[in-house]
Amino acid sequence: MQANDQYLTFFLAGEEYAITILQVTDIIECGVVTRVPGTPPWIRGVHNLRGTVVPVIDLAIKFGLPATGITRRTCVVIVELRVDDEAVIMGVMADSVHQVVDFAAEQIQPAPSFGPRVRASFLLGMASTSDARFVLLLDIDRIFSSDEILAASATAVADVAAEASIH
């Protein structure tokens, strides 16, 4: 972590989370997400992002929480993950995006081993805000195993290709 890192904060099931802004490539409205048969429940489907098939992940389900409801504030944060030194683009559903914030190193504390709904291994730490709240800093690269990510991407691309050949 550098002296001042920027994070995009967002809400999921009433909790505020953050992802380093360096991994965020886009924020889009949660429009049409096409369900892909045979994928785990936490893969809500795929989205066509300017001609690219992007798997859309529901972190709430991945964390063992109820599925993210679709409202007018629901959005998809497009992130770039590193899998075996290869860039993989995925969408992460959020109830709403909050803001981009700078967290200085002294604001970031280790993730507690108790309390969060998220496994501690998925967290970079917790950042304290100026109004005494805590934001959970997600290590987006560690939330999904490389096998899960590659399988999600392969299934999504194969399903879209099959769908295209039918039409």
# chains A, B, ... in the order shown; residues from 1 in each chain; ligands from 1
call {"tool": "select_by_dssp", "arguments": {"residues": "region 22-159 of chain A", "states": "helix (DSSP H, G or I)", "output": "PyMOL selection string"}}
result
chain A and resi 22-23+59-62+105-107+120-122+140-143+146-159
call {"tool": "write_last_selection", "arguments": {"atoms": "C-alpha atoms", "output": "JSON list (two decimals), in the first residue's frame"}}
result
[["chain", "number", "residue", "atom", "x", "y", "z"],
["A", 22, "LEU", "CA", -6.65, 1.03, -9.87],
["A", 23, "GLN", "CA", -8.73, -2.09, -10.54],
["A", 59, "LEU", "CA", -20.73, -10.55, -4.11],
["A", 60, "ALA", "CA", -23.64, -10.73, -1.67],
["A", 61, "ILE", "CA", -24.32, -14.34, -2.70],
["A", 62, "LYS", "CA", -20.59, -15.11, -2.72],
["A", 105, "ALA", "CA", -1.75, 4.30, 5.49],
["A", 106, "GLU", "CA", -2.49, 5.35, 9.09],
["A", 107, "GLN", "CA", -6.26, 5.09, 8.44],
["A", 120, "ALA", "CA", -10.78, -12.07, 6.56],
["A", 121, "SER", "CA", -8.67, -13.49, 3.72],
["A", 122, "PHE", "CA", -10.83, -11.48, 1.27],
["A", 140, "ILE", "CA", -10.81, -8.41, -5.20],
["A", 141, "ASP", "CA", -8.07, -10.69, -6.58],
["A", 142, "ARG", "CA", -8.44, -13.05, -3.59],
["A", 143, "ILE", "CA", -12.24, -13.32, -3.47],
["A", 146, "SER", "CA", -8.35, -18.65, -10.36],
["A", 147, "ASP", "CA", -10.34, -21.80, -11.22],
["A", 148, "GLU", "CA", -13.62, -20.03, -10.38],
["A", 149, "ILE", "CA", -12.76, -16.99, -12.49],
["A", 150, "LEU", "CA", -11.52, -18.94, -15.48],
["A", 151, "ALA", "CA", -14.55, -21.25, -15.35],
["A", 152, "ALA", "CA", -16.93, -18.27, -15.11],
["A", 153, "SER", "CA", -15.29, -16.54, -18.07],
["A", 154, "ALA", "CA", -15.16, -19.69, -20.19],
["A", 155, "THR", "CA", -18.78, -20.63, -19.44],
["A", 156, "ALA", "CA", -19.99, -17.11, -20.20],
["A", 157, "VAL", "CA", -18.15, -16.91, -23.52],
["A", 158, "ALA", "CA", -19.22, -20.43, -24.56],
["A", 159, "ASP", "CA", -22.88, -19.73, -23.71]]
call {"tool": "residues_around", "arguments": {"residues": "Val54 (chain A)", "least_positions_apart": "5", "cutoff": "7 Å", "atoms": "only C-alpha atoms", "output": "PDB file with N, CA and C atoms, in the first residue's frame"}}
result
ATOM      1  N   VAL A  46     -24.216 -12.642 -17.611  1.00  0.00           N
ATOM      2  CA  VAL A  46     -23.235 -11.898 -18.388  1.00  0.00           C
ATOM      3  C   VAL A  46     -23.865 -10.608 -18.894  1.00  0.00           C
ATOM      4  N   HIS A  47     -23.003  -9.649 -19.151  1.00  0.00           N
ATOM      5  CA  HIS A  47     -23.428  -8.347 -19.660  1.00  0.00           C
ATOM      6  C   HIS A  47     -22.601  -8.041 -20.903  1.00  0.00           C
ATOM      7  N   ASN A  48     -23.223  -7.442 -21.891  1.00  0.00           N
ATOM      8  CA  ASN A  48     -22.511  -7.027 -23.091  1.00  0.00           C
ATOM      9  C   ASN A  48     -21.977  -5.618 -22.848  1.00  0.00           C
ATOM     10  N   LEU A  49     -20.687  -5.515 -22.634  1.00  0.00           N
ATOM     11  CA  LEU A  49     -20.047  -4.222 -22.395  1.00  0.00           C
ATOM     12  C   LEU A  49     -19.296  -3.815 -23.654  1.00  0.00           C
ATOM     13  N   ILE A  89     -11.599  -9.350 -16.978  1.00  0.00           N
ATOM     14  CA  ILE A  89     -12.580  -8.299 -16.694  1.00  0.00           C
ATOM     15  C   ILE A  89     -13.850  -8.957 -16.167  1.00  0.00           C
ATOM     16  N   MET A  90     -14.356  -8.451 -15.035  1.00  0.00           N
ATOM     17  CA  MET A  90     -15.596  -8.957 -14.443  1.00  0.00           C
ATOM     18  C   MET A  90     -16.411  -7.777 -13.933  1.00  0.00           C
ATOM     19  N   GLY A  91     -17.709  -7.988 -13.812  1.00  0.00           N
ATOM     20  CA  GLY A  91     -18.589  -6.991 -13.220  1.00  0.00           C
ATOM     21  C   GLY A  91     -18.989  -7.439 -11.829  1.00  0.00           C
TER      22      GLY A  91
END
call {"tool": "atom_distance", "arguments": {"atom1": "CA of Ala104 (chain A)", "atom2": "CA of Ser128 (chain A)"}}
result
9.7 Å
call {"tool": "residues_around", "arguments": {"residues": "Met93 (chain A)", "least_positions_apart": "5", "cutoff": "10 Å", "atoms": "only C-alpha atoms", "output": "list in words"}}
result
Phe10, Phe11, Leu12, Ile27, Ile28, Glu29, Cys30, Arg44, Val56, Ile57, Asp58, Leu59, Ala60, Ala67, Thr68, Gly69, Ile70, Thr74, Cys75, Val76, Val77 and Ile78 of chain A
call {"tool": "write_last_selection", "arguments": {"atoms": "C-alpha atoms", "output": "mmCIF file, in the first residue's frame"}}
result
data_model
loop_
_atom_site.group_PDB
_atom_site.id
_atom_site.type_symbol
_atom_site.label_atom_id
_atom_site.label_comp_id
_atom_site.auth_asym_id
_atom_site.auth_seq_id
_atom_site.Cartn_x
_atom_site.Cartn_y
_atom_site.Cartn_z
ATOM 1 C CA PHE A 10 -19.950 1.024 -2.523
ATOM 2 C CA PHE A 11 -22.740 -0.519 -0.501
ATOM 3 C CA LEU A 12 -23.680 -4.164 -0.419
ATOM 4 C CA ILE A 27 -19.244 1.779 -13.439
ATOM 5 C CA ILE A 28 -22.409 0.993 -15.349
ATOM 6 C CA GLU A 29 -26.114 0.908 -14.657
ATOM 7 C CA CYS A 30 -27.328 -2.591 -13.853
ATOM 8 C CA ARG A 44 -25.750 -13.547 -11.952
ATOM 9 C CA VAL A 56 -21.490 -10.279 -13.588
ATOM 10 C CA ILE A 57 -20.831 -11.429 -10.025
ATOM 11 C CA ASP A 58 -23.133 -10.942 -7.046
ATOM 12 C CA LEU A 59 -20.732 -10.550 -4.115
ATOM 13 C CA ALA A 60 -23.636 -10.734 -1.674
ATOM 14 C CA ALA A 67 -28.988 -11.859 -3.499
ATOM 15 C CA THR A 68 -28.584 -8.202 -4.452
ATOM 16 C CA GLY A 69 -31.957 -6.738 -5.368
ATOM 17 C CA ILE A 70 -32.200 -4.699 -8.557
ATOM 18 C CA THR A 74 -28.053 -0.861 -8.390
ATOM 19 C CA CYS A 75 -24.968 -0.768 -10.550
ATOM 20 C CA VAL A 76 -22.181 -2.967 -11.815
ATOM 21 C CA VAL A 77 -18.593 -2.047 -11.024
ATOM 22 C CA ILE A 78 -16.356 -3.332 -13.812
#
call {"tool": "select_by_dssp", "arguments": {"residues": "region 16-167 of chain A", "states": "strand (DSSP E or B)", "output": "PyMOL selection string"}}
result
chain A and resi 16-20+24-29+34+43-49+52-57+75-83+86-94+96-104+108-109+123-128+134-138
call {"tool": "closest_residue", "arguments": {"among": "A:Ala13, A:Val79, A:Ile21, A:Leu123", "to": "Val92 (chain A)", "atoms": "only C-alpha atoms"}}
result
A:Val79
call {"tool": "closest_residue", "arguments": {"among": "A:Gly31, A:Gly51, A:Pro110, A:Gly125", "to": "Ile19 (chain A)", "atoms": "only C-alpha atoms"}}
result
A:Gly125
